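Structure, as structure tokens:
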Amino acid sequence: MISIVISSCDDGRIYEKTVHIPREGRTLKLTGKINGIDKWTNDYNIVVAGFDDKSEYAIISKIVSTSVGEDDNTQVIMAGISDDVTKVELCAIDRLRRRVVTFCSINSSTAEADTIRMDAGTIDVSMYHAIQTHIFTTSCIGCHGESTEAAAQLHLTEGVSYSALVNQPSTINGNILRVKTNNTQESLLHLILNSNDYTHHPHTDILPAKTKTELLELIDSWIDDGAQQ
Ligand code: HEC
């Protein structure tokens with residue numbers, strides 16, 4: 001007998017509990033139209049992964065293939081998810097299997113079924129979109145927003161941030177570019193987030209302490225790999 005948990009990224013969790021089965025490992029079935037996997041550098045993998053509450057390191061993970069089936073749908077099946085996994089996610093992990101950004105997540109600790117279904121819907125998981133969502137939109141647009149008064153005339157809102165950054169001269173120091181492709185040390189975006197020597201307005205504590213290291217590495221990896229859109 002099989003019981004099933006149906007979950008969706010959009011509408012939160014819907015559980016259909018039927019029978020309790022002693023678990024020797026649950027199975028995650030992910031479906032979705034997942035775009036942008038190939039736009040990541042080699043330092044990262046887009047995976048489905050299981051985590052516990054204590055650590056940022058994946059206990060189990062499986063790479064999401066870029067090949068798609070009918071209707072552009074991706075399907076991933078990951079078996080053998082042990083009871084210590086409390087959350088399953090569609091996410092980007094680095095080479096240490098550390099979580100960098102989460103695209104879609106389900107609390108699996110309360111799921112009594114042996115199959116966990118995750119419907120990611122249509123989702124853009126590209127590297128620049130992750131930077132936009134998890135860095136700029138989350139931590140920067142309060143000051144670098146839509147208003148004409150954006151700090152240093154730098155707009156980091158979705159849709160305009162890329163052309164505002166890449167190969168554009170800085171407002172506060174005309175000798176440097178905001179982002180110089182393949183060169184973090186000559187990119188003000190890198191410099192201003194890593195040191196307070198470049199501005200009157202300290203930026204080094206703007207990113208949340210918990211994920212700061214991963215997010216700064218994400219920006220560097222993106223710049224070093226040609227700062228692609
Ligand atoms: C609390 C307001 C505030 C927040 C939040 C903020 N900034 Fe700034 N930012 C400023 C100010 C003010 C300046 C201009 C500093 C100066 O004149 O020295 C600036 C300047 C910059 C510059 C230089 C732009 C140029 O053309 O010279 C960059 C790059 C930058 N910020 C990136 C970011 C990023 C990335 C984030 C989010 C992680 C962020 N900022 C969050 C206020 C902010």
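Note on naming: chains are A, B, ... as they come in the structure tokens, residues start from 1 per chain, ligands start from 1 in the order shown.
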
_Any residue with an atom at most 6 Å from ligand 1 counts, using only C-alpha atoms and all ligand atoms. Which are they? Put them as JSON, numbers by chain._
{"A": [135, 136, 139, 140, 142, 143, 151, 152, 154, 170, 171, 172, 173, 178, 188, 189, 199, 200, 201, 206, 207]}

*List the neighbours of segment 70-80 of chain A out to 9 Å using only C-alpha atoms; skip same-chain residues closer than 4 positions along the sequence, and give me the result as a PyMOL selection string.*
chain A and resi 24-34+48-49+60-66+115

*asked:* According to DSSP computed on the backbone, where in segment 76-224 of chain A is there helix (DSSP H, G or I)? Give the residues as a ChimeraX atom specification.
replied: /A:127-140,151-153,161-165,184-186,188-194,212-224

*May I have the residues within 6 Å of segment 100-111 of chain A as a PyMOL selection string, using only C-alpha atoms and disregarding those fewer than 4 positions away in the same chain?*
chain A and resi 9+86-93+214

For all heavy atoms, I'd like the residues from the last selection saved as a compact mmCIF listing (two decimals), in the first residue's frame.
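Listing of again.txt after writing:
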```txt
# COMPACT_ATOMS: atom_id res chain seq x y z
N CYS A 9 4.86 24.28 -4.64
CA CYS A 9 5.57 25.48 -4.21
C CYS A 9 4.62 26.65 -4.08
O CYS A 9 4.83 27.54 -3.28
CB CYS A 9 6.63 25.85 -5.23
SG CYS A 9 7.98 24.70 -5.19
N THR A 86 14.60 16.60 7.20
CA THR A 86 13.38 17.30 7.60
C THR A 86 12.85 18.22 6.49
O THR A 86 11.73 18.68 6.55
CB THR A 86 13.62 18.15 8.86
OG1 THR A 86 14.72 19.01 8.61
CG2 THR A 86 13.91 17.27 10.06
N LYS A 87 13.71 18.49 5.51
CA LYS A 87 13.30 19.39 4.43
C LYS A 87 13.86 18.89 3.12
O LYS A 87 15.03 18.53 3.05
CB LYS A 87 13.91 20.77 4.70
CG LYS A 87 12.90 21.87 4.83
CD LYS A 87 13.59 23.17 4.69
CE LYS A 87 13.54 23.99 5.95
NZ LYS A 87 14.40 25.16 5.83
N VAL A 88 13.01 18.87 2.10
CA VAL A 88 13.53 18.58 0.76
C VAL A 88 13.38 19.84 -0.08
O VAL A 88 12.39 20.56 0.04
CB VAL A 88 12.83 17.37 0.10
CG1 VAL A 88 13.28 16.08 0.76
CG2 VAL A 88 11.33 17.50 0.13
N GLU A 89 14.37 20.07 -0.91
CA GLU A 89 14.40 21.35 -1.64
C GLU A 89 14.86 21.16 -3.07
O GLU A 89 15.61 20.24 -3.37
CB GLU A 89 15.42 22.30 -0.97
CG GLU A 89 15.12 22.63 0.46
CD GLU A 89 16.02 23.71 1.02
OE1 GLU A 89 16.93 24.17 0.29
OE2 GLU A 89 15.80 24.11 2.17
N LEU A 90 14.40 22.07 -3.91
CA LEU A 90 15.04 22.32 -5.20
C LEU A 90 15.96 23.50 -4.94
O LEU A 90 15.49 24.57 -4.53
CB LEU A 90 14.00 22.65 -6.26
CG LEU A 90 14.53 23.13 -7.61
CD1 LEU A 90 15.33 22.04 -8.30
CD2 LEU A 90 13.38 23.60 -8.50
N CYS A 91 17.26 23.29 -5.10
CA CYS A 91 18.19 24.35 -4.68
C CYS A 91 19.48 24.29 -5.47
O CYS A 91 19.73 23.36 -6.22
CB CYS A 91 18.46 24.25 -3.18
SG CYS A 91 19.18 22.69 -2.66
N ALA A 92 20.32 25.32 -5.27
CA ALA A 92 21.67 25.31 -5.81
C ALA A 92 22.61 25.00 -4.66
O ALA A 92 22.51 25.61 -3.58
CB ALA A 92 22.02 26.68 -6.40
N ILE A 93 23.52 24.05 -4.87
CA ILE A 93 24.54 23.77 -3.85
C ILE A 93 25.92 23.99 -4.46
O ILE A 93 26.10 23.91 -5.67
CB ILE A 93 24.44 22.33 -3.28
CG1 ILE A 93 24.58 21.27 -4.38
CG2 ILE A 93 23.13 22.13 -2.53
CD1 ILE A 93 24.68 19.85 -3.84
N GLU A 214 28.31 32.51 1.45
CA GLU A 214 27.83 31.84 0.24
C GLU A 214 27.41 32.86 -0.82
O GLU A 214 27.67 32.68 -2.00
CB GLU A 214 26.61 30.95 0.56
CG GLU A 214 26.90 29.75 1.42
CD GLU A 214 26.73 30.02 2.90
OE1 GLU A 214 27.22 31.08 3.37
OE2 GLU A 214 26.13 29.18 3.58
```

Rows by chain and residue number, segment 106-214 of chain A within 7 Å of segment 224-228 of chain A, shortest pair, only C-alpha atoms, as a tab-separated table:
```
residue	atom	partner	partner_atom	distance
A:Thr181	CA	A:Gly226	CA	4.9
A:Asn182	CA	A:Asp224	CA	4.0
A:Asn183	CA	A:Asp224	CA	5.9
A:Thr184	CA	A:Asp224	CA	6.5
```

Output C-alpha atoms for every residue in the selection just made, as an mmCIF file, in the first residue's frame.
```
data_model
loop_
_atom_site.group_PDB
_atom_site.id
_atom_site.type_symbol
_atom_site.label_atom_id
_atom_site.label_comp_id
_atom_site.auth_asym_id
_atom_site.auth_seq_id
_atom_site.Cartn_x
_atom_site.Cartn_y
_atom_site.Cartn_z
ATOM 1 C CA THR A 181 33.397 40.838 -16.462
ATOM 2 C CA ASN A 182 35.901 38.164 -15.421
ATOM 3 C CA ASN A 183 37.535 40.529 -12.918
ATOM 4 C CA THR A 184 36.196 40.710 -9.362
#
```

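Atom pair atom CA of Ala164 of chain A / atom CA of Thr204 of chain A has a distance of 20.7 Å (rounded to one decimal).
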
*Which value, in Å to one decimal, gives the distance between atom CA of Val68 of chain A and atom CA of Gly36 of chain A?*
12.3 Å

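Picture a line from atom CA of Thr122 of chain A to atom CA of Gly69 of chain A; it runs 14.2 Å.
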
*Between A:Asp38, A:Glu149, A:Glu217, A:Glu186, which has the minimum distance to Val166 of chain A (counting only C-alpha atoms)?*
A:Glu186

Hey, what's within 10 Å of Tyr57 of chain A if we count only C-alpha atoms and toss same-chain stuff fewer than 6 positions away? As a PDB file with N, CA, C and O atoms, in the first residue's frame, please?
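The result, stored in part32.pdb:
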```
ATOM      1  N   ALA A  49      17.508  18.073  -2.995  1.00  0.00           N
ATOM      2  CA  ALA A  49      18.371  17.697  -1.876  1.00  0.00           C
ATOM      3  C   ALA A  49      17.568  17.619  -0.592  1.00  0.00           C
ATOM      4  O   ALA A  49      16.538  18.264  -0.453  1.00  0.00           O
ATOM      5  N   GLY A  50      18.086  16.817   0.336  1.00  0.00           N
ATOM      6  CA  GLY A  50      17.476  16.703   1.657  1.00  0.00           C
ATOM      7  C   GLY A  50      18.389  17.305   2.706  1.00  0.00           C
ATOM      8  O   GLY A  50      19.611  17.112   2.671  1.00  0.00           O
ATOM      9  N   PHE A  51      17.788  18.048   3.630  1.00  0.00           N
ATOM     10  CA  PHE A  51      18.542  18.709   4.706  1.00  0.00           C
ATOM     11  C   PHE A  51      17.914  18.370   6.053  1.00  0.00           C
ATOM     12  O   PHE A  51      16.721  18.062   6.127  1.00  0.00           O
ATOM     13  N   ILE A  93      23.523  24.047  -4.867  1.00  0.00           N
ATOM     14  CA  ILE A  93      24.536  23.768  -3.851  1.00  0.00           C
ATOM     15  C   ILE A  93      25.918  23.988  -4.456  1.00  0.00           C
ATOM     16  O   ILE A  93      26.097  23.906  -5.674  1.00  0.00           O
ATOM     17  N   ASP A  94      26.885  24.284  -3.586  1.00  0.00           N
ATOM     18  CA  ASP A  94      28.249  24.469  -4.080  1.00  0.00           C
ATOM     19  C   ASP A  94      28.996  23.138  -4.026  1.00  0.00           C
ATOM     20  O   ASP A  94      28.413  22.095  -3.753  1.00  0.00           O
ATOM     21  N   LEU A  96      30.957  21.924  -1.948  1.00  0.00           N
ATOM     22  CA  LEU A  96      30.962  21.281  -0.630  1.00  0.00           C
ATOM     23  C   LEU A  96      29.586  20.726  -0.273  1.00  0.00           C
ATOM     24  O   LEU A  96      29.367  20.287   0.830  1.00  0.00           O
ATOM     25  N   ARG A  97      28.652  20.805  -1.209  1.00  0.00           N
ATOM     26  CA  ARG A  97      27.263  20.389  -1.019  1.00  0.00           C
ATOM     27  C   ARG A  97      26.520  21.304  -0.041  1.00  0.00           C
ATOM     28  O   ARG A  97      25.560  20.910   0.612  1.00  0.00           O
ATOM     29  N   ARG A  98      27.037  22.528   0.081  1.00  0.00           N
ATOM     30  CA  ARG A  98      26.400  23.501   0.952  1.00  0.00           C
ATOM     31  C   ARG A  98      25.316  24.239   0.165  1.00  0.00           C
ATOM     32  O   ARG A  98      25.521  24.643  -0.970  1.00  0.00           O
ATOM     33  N   ARG A  99      24.165  24.439   0.806  1.00  0.00           N
ATOM     34  CA  ARG A  99      23.053  25.135   0.163  1.00  0.00           C
ATOM     35  C   ARG A  99      23.420  26.593  -0.070  1.00  0.00           C
ATOM     36  O   ARG A  99      23.919  27.272   0.831  1.00  0.00           O
ATOM     37  N   VAL A 100      23.190  27.078  -1.291  1.00  0.00           N
ATOM     38  CA  VAL A 100      23.488  28.476  -1.612  1.00  0.00           C
ATOM     39  C   VAL A 100      22.191  29.267  -1.770  1.00  0.00           C
ATOM     40  O   VAL A 100      22.002  30.299  -1.130  1.00  0.00           O
TER      41      VAL A 100
END
```

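Nearest-residue note for Leu218 of chain A: choosing from A:Ala113, A:Ala130, A:Val125, A:Ala58, the minimum distance belongs to A:Ala130, counting only C-alpha atoms.
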
*Ile131 of chain A surroundings by only C-alpha atoms, 10 Å radius, close-in-sequence under 5 positions cut, as a count of residues only*: 10

*Identify, with DSSP run on backbone atoms, the residues in chain A assigned to strand (DSSP E), and express the list as a PyMOL selection string.*
chain A and resi 4-8+13-15+26-35+44-51+60-63+74-81+87-94+99-107+115-124
